[in-house]
Amino acid sequence: YHLKSKRLAESGVRDVFGGKDVQAFFNDAFTRSAENLDGQFELHVLEVDGIHVAIAGCCVREGKLTVEFGGISDADASLSPGDFLFFHMIEAACARGLNVFSFGTGDEHYKRGWCDIETRQYNLFLPLSMRGQIGTSLRRWRTAAKRAVKANDRLYSAIKKLRKSV
């Protein structure tokens, strides 16, 4: 939680993992999964000298491992602990015979470096009133703007810096 909390704060994003109820949920889910050996939830950790430097929480289902969240220590960023952890996770997933290793939703630079498959996600909004039509149009414009920003590395970097400073 410390790694994720720090990264979210640096990005100017609310810490959705900070609540005790959220932490209790994840603690219970990962502990129960480890005890039952059902493998539905897995926590992968890269540790150096007793310190967690990279972590990934995953869901395994129907031959597919999906990274749901992760955290990386800034202190060791130049050593690419996230890439090191992902390499070993992908290697282990292949050895287990899993068909797909997914980084989940969202577009991030590191995902493009590892992936050769991109799955487009779509939301469907069906407006049933004039108010709904206006809301749907605004949402569509917002989504298009976000997609354009994230597709432009320089602009996306600038937006993240601005978000940090606010």
# chains A, B, ... in the order shown; residues from 1 in each chain; ligands from 1
call {"tool": "select_by_dssp", "arguments": {"residues": "chain A", "states": "strand (DSSP E)", "output": "count of residues only"}}
result
31
call {"tool": "residues_around", "arguments": {"residues": "stretch 102-104 of chain A", "least_positions_apart": "2", "cutoff": "8 Å", "atoms": "only C-alpha atoms", "output": "VMD selection string"}}
result
chain A and resid 64 to 68 100 106 111
call {"tool": "select_by_dssp", "arguments": {"residues": "chain A", "states": "helix (DSSP H, G or I)", "output": "MDAnalysis selection string"}}
result
chainID A and resid 2:11 20:36 74:79 81:95 109:114 130:151 153:165
call {"tool": "closest_atom_pairs", "arguments": {"of": "stretch 57-160 of chain A", "to": "stretch 32-48 of chain A", "cutoff": "8 Å", "atoms": "only C-alpha atoms", "output": "CSV"}}
result
residue,atom,partner,partner_atom,distance
A:Gly57,CA,A:Leu43,CA,4.6
A:Cys58,CA,A:Glu42,CA,5.1
A:Cys59,CA,A:Phe41,CA,4.6
A:Val60,CA,A:Gln40,CA,4.8
A:Arg61,CA,A:Gln40,CA,6.3
A:Pro81,CA,A:Leu46,CA,7.3
A:Leu85,CA,A:Leu46,CA,6.0
A:Met89,CA,A:His44,CA,7.7
call {"tool": "residues_around", "arguments": {"residues": "stretch 5-16 of chain A", "least_positions_apart": "3", "cutoff": "12 Å", "atoms": "only C-alpha atoms", "output": "PDB file with N, CA and C atoms, in the first residue's frame"}}
result
ATOM      1  N   TYR A   1       0.827  -1.202   0.000  1.00  0.00           N
ATOM      2  CA  TYR A   1       0.000   0.000   0.000  1.00  0.00           C
ATOM      3  C   TYR A   1       0.862   1.251   0.000  1.00  0.00           C
ATOM      4  N   HIS A   2       2.026   1.158   0.641  1.00  0.00           N
ATOM      5  CA  HIS A   2       2.919   2.315   0.690  1.00  0.00           C
ATOM      6  C   HIS A   2       3.412   2.671  -0.712  1.00  0.00           C
ATOM      7  N   GLY A  19      -7.939   3.603   2.018  1.00  0.00           N
ATOM      8  CA  GLY A  19      -8.964   3.298   3.013  1.00  0.00           C
ATOM      9  C   GLY A  19      -8.751   1.949   3.682  1.00  0.00           C
ATOM     10  N   LYS A  20      -9.019   1.899   4.964  1.00  0.00           N
ATOM     11  CA  LYS A  20      -8.856   0.637   5.721  1.00  0.00           C
ATOM     12  C   LYS A  20      -9.775  -0.457   5.191  1.00  0.00           C
ATOM     13  N   ASP A  21     -10.995  -0.090   4.745  1.00  0.00           N
ATOM     14  CA  ASP A  21     -11.911  -1.085   4.205  1.00  0.00           C
ATOM     15  C   ASP A  21     -11.396  -1.665   2.891  1.00  0.00           C
ATOM     16  N   VAL A  22     -10.785  -0.831   2.060  1.00  0.00           N
ATOM     17  CA  VAL A  22     -10.217  -1.296   0.796  1.00  0.00           C
ATOM     18  C   VAL A  22      -9.030  -2.218   1.070  1.00  0.00           C
ATOM     19  N   GLN A  23      -8.173  -1.807   1.985  1.00  0.00           N
ATOM     20  CA  GLN A  23      -7.016  -2.637   2.334  1.00  0.00           C
ATOM     21  C   GLN A  23      -7.461  -3.973   2.930  1.00  0.00           C
ATOM     22  N   PHE A  26      -8.563  -6.292   0.065  1.00  0.00           N
ATOM     23  CA  PHE A  26      -7.447  -6.899  -0.656  1.00  0.00           C
ATOM     24  C   PHE A  26      -6.693  -7.896   0.215  1.00  0.00           C
ATOM     25  N   ALA A  54       8.983  -3.556  -6.132  1.00  0.00           N
ATOM     26  CA  ALA A  54       7.954  -3.627  -7.169  1.00  0.00           C
ATOM     27  C   ALA A  54       6.919  -4.658  -6.740  1.00  0.00           C
ATOM     28  N   PHE A  69      -3.312  -4.052 -10.602  1.00  0.00           N
ATOM     29  CA  PHE A  69      -2.653  -2.869 -10.054  1.00  0.00           C
ATOM     30  C   PHE A  69      -1.198  -3.192  -9.793  1.00  0.00           C
ATOM     31  N   GLY A  70      -0.387  -2.162  -9.669  1.00  0.00           N
ATOM     32  CA  GLY A  70       1.026  -2.358  -9.388  1.00  0.00           C
ATOM     33  C   GLY A  70       1.607  -1.135  -8.718  1.00  0.00           C
ATOM     34  N   GLY A  71       2.783  -1.303  -8.190  1.00  0.00           N
ATOM     35  CA  GLY A  71       3.506  -0.204  -7.560  1.00  0.00           C
ATOM     36  C   GLY A  71       5.001  -0.435  -7.708  1.00  0.00           C
ATOM     37  N   ILE A  72       5.729   0.652  -7.900  1.00  0.00           N
ATOM     38  CA  ILE A  72       7.173   0.561  -8.103  1.00  0.00           C
ATOM     39  C   ILE A  72       7.851   1.609  -7.244  1.00  0.00           C
ATOM     40  N   SER A  73       8.934   1.227  -6.595  1.00  0.00           N
ATOM     41  CA  SER A  73       9.715   2.144  -5.781  1.00  0.00           C
ATOM     42  C   SER A  73      10.478   3.117  -6.661  1.00  0.00           C
ATOM     43  N   ASP A  74      10.353   4.404  -6.364  1.00  0.00           N
ATOM     44  CA  ASP A  74      11.101   5.414  -7.117  1.00  0.00           C
ATOM     45  C   ASP A  74      12.592   5.339  -6.844  1.00  0.00           C
ATOM     46  N   ALA A  75      12.949   4.855  -5.669  1.00  0.00           N
ATOM     47  CA  ALA A  75      14.360   4.810  -5.289  1.00  0.00           C
ATOM     48  C   ALA A  75      15.177   3.949  -6.242  1.00  0.00           C
ATOM     49  N   ALA A  77      14.120   3.235  -9.521  1.00  0.00           N
ATOM     50  CA  ALA A  77      13.516   3.362 -10.852  1.00  0.00           C
ATOM     51  C   ALA A  77      14.532   3.182 -11.977  1.00  0.00           C
ATOM     52  N   SER A 157       2.727  13.683 -20.909  1.00  0.00           N
ATOM     53  CA  SER A 157       3.733  13.956 -19.875  1.00  0.00           C
ATOM     54  C   SER A 157       3.489  15.320 -19.242  1.00  0.00           C
ATOM     55  N   ALA A 158       3.192  16.311 -20.054  1.00  0.00           N
ATOM     56  CA  ALA A 158       2.927  17.660 -19.541  1.00  0.00           C
ATOM     57  C   ALA A 158       1.674  17.677 -18.670  1.00  0.00           C
ATOM     58  N   ILE A 159       0.640  16.963 -19.079  1.00  0.00           N
ATOM     59  CA  ILE A 159      -0.603  16.903 -18.297  1.00  0.00           C
ATOM     60  C   ILE A 159      -0.341  16.228 -16.955  1.00  0.00           C
ATOM     61  N   LYS A 160       0.440  15.154 -16.946  1.00  0.00           N
ATOM     62  CA  LYS A 160       0.744  14.478 -15.679  1.00  0.00           C
ATOM     63  C   LYS A 160       1.534  15.395 -14.750  1.00  0.00           C
ATOM     64  N   LYS A 161       2.480  16.177 -15.294  1.00  0.00           N
ATOM     65  CA  LYS A 161       3.236  17.140 -14.473  1.00  0.00           C
ATOM     66  C   LYS A 161       2.317  18.204 -13.909  1.00  0.00           C
ATOM     67  N   LEU A 162       1.394  18.690 -14.722  1.00  0.00           N
ATOM     68  CA  LEU A 162       0.437  19.699 -14.272  1.00  0.00           C
ATOM     69  C   LEU A 162      -0.452  19.140 -13.180  1.00  0.00           C
ATOM     70  N   ARG A 163      -0.912  17.894 -13.353  1.00  0.00           N
ATOM     71  CA  ARG A 163      -1.775  17.245 -12.365  1.00  0.00           C
ATOM     72  C   ARG A 163      -1.047  17.079 -11.029  1.00  0.00           C
ATOM     73  N   LYS A 164       0.258  16.793 -11.085  1.00  0.00           N
ATOM     74  CA  LYS A 164       1.079  16.667  -9.869  1.00  0.00           C
ATOM     75  C   LYS A 164       1.139  17.975  -9.093  1.00  0.00           C
ATOM     76  N   SER A 165       1.247  19.063  -9.807  1.00  0.00           N
ATOM     77  CA  SER A 165       1.438  20.365  -9.155  1.00  0.00           C
ATOM     78  C   SER A 165       0.168  20.948  -8.556  1.00  0.00           C
ATOM     79  N   VAL A 166      -0.965  20.425  -8.954  1.00  0.00           N
ATOM     80  CA  VAL A 166      -2.251  20.977  -8.465  1.00  0.00           C
ATOM     81  C   VAL A 166      -2.597  20.412  -7.123  1.00  0.00           C
TER      82      VAL A 166
END
call {"tool": "residues_around", "arguments": {"residues": "A:Thr143", "least_positions_apart": "5", "cutoff": "12 Å", "atoms": "only C-alpha atoms", "output": "list in words"}}
result
Gln121, Tyr122, Asn123, Thr136, Ser137, Leu138, Ala148, Val149 and Lys150 of chain A
call {"tool": "write_last_selection", "arguments": {"atoms": "C-alpha atoms", "output": "PDB file, in the first residue's frame"}}
result
ATOM      1  CA  GLN A 121     -12.466  -1.176 -24.815  1.00  0.00           C
ATOM      2  CA  TYR A 122     -15.813   0.363 -25.644  1.00  0.00           C
ATOM      3  CA  ASN A 123     -18.588   1.797 -23.537  1.00  0.00           C
ATOM      4  CA  THR A 136     -23.640  11.239 -23.900  1.00  0.00           C
ATOM      5  CA  SER A 137     -22.184  13.823 -26.287  1.00  0.00           C
ATOM      6  CA  LEU A 138     -20.141  15.409 -23.498  1.00  0.00           C
ATOM      7  CA  ALA A 148      -5.835  12.110 -28.001  1.00  0.00           C
ATOM      8  CA  VAL A 149      -3.853  13.338 -24.986  1.00  0.00           C
ATOM      9  CA  LYS A 150      -2.676   9.834 -24.046  1.00  0.00           C
TER      10      LYS A 150
END
call {"tool": "closest_residue", "arguments": {"among": "A:His88, A:Gly82, A:Leu126, A:Cys94", "to": "A:Tyr110", "atoms": "only C-alpha atoms"}}
result
A:Gly82
call {"tool": "atom_distance", "arguments": {"atom1": "atom CA of A:Arg147", "atom2": "atom CA of A:Glu108"}}
result
11.5 Å
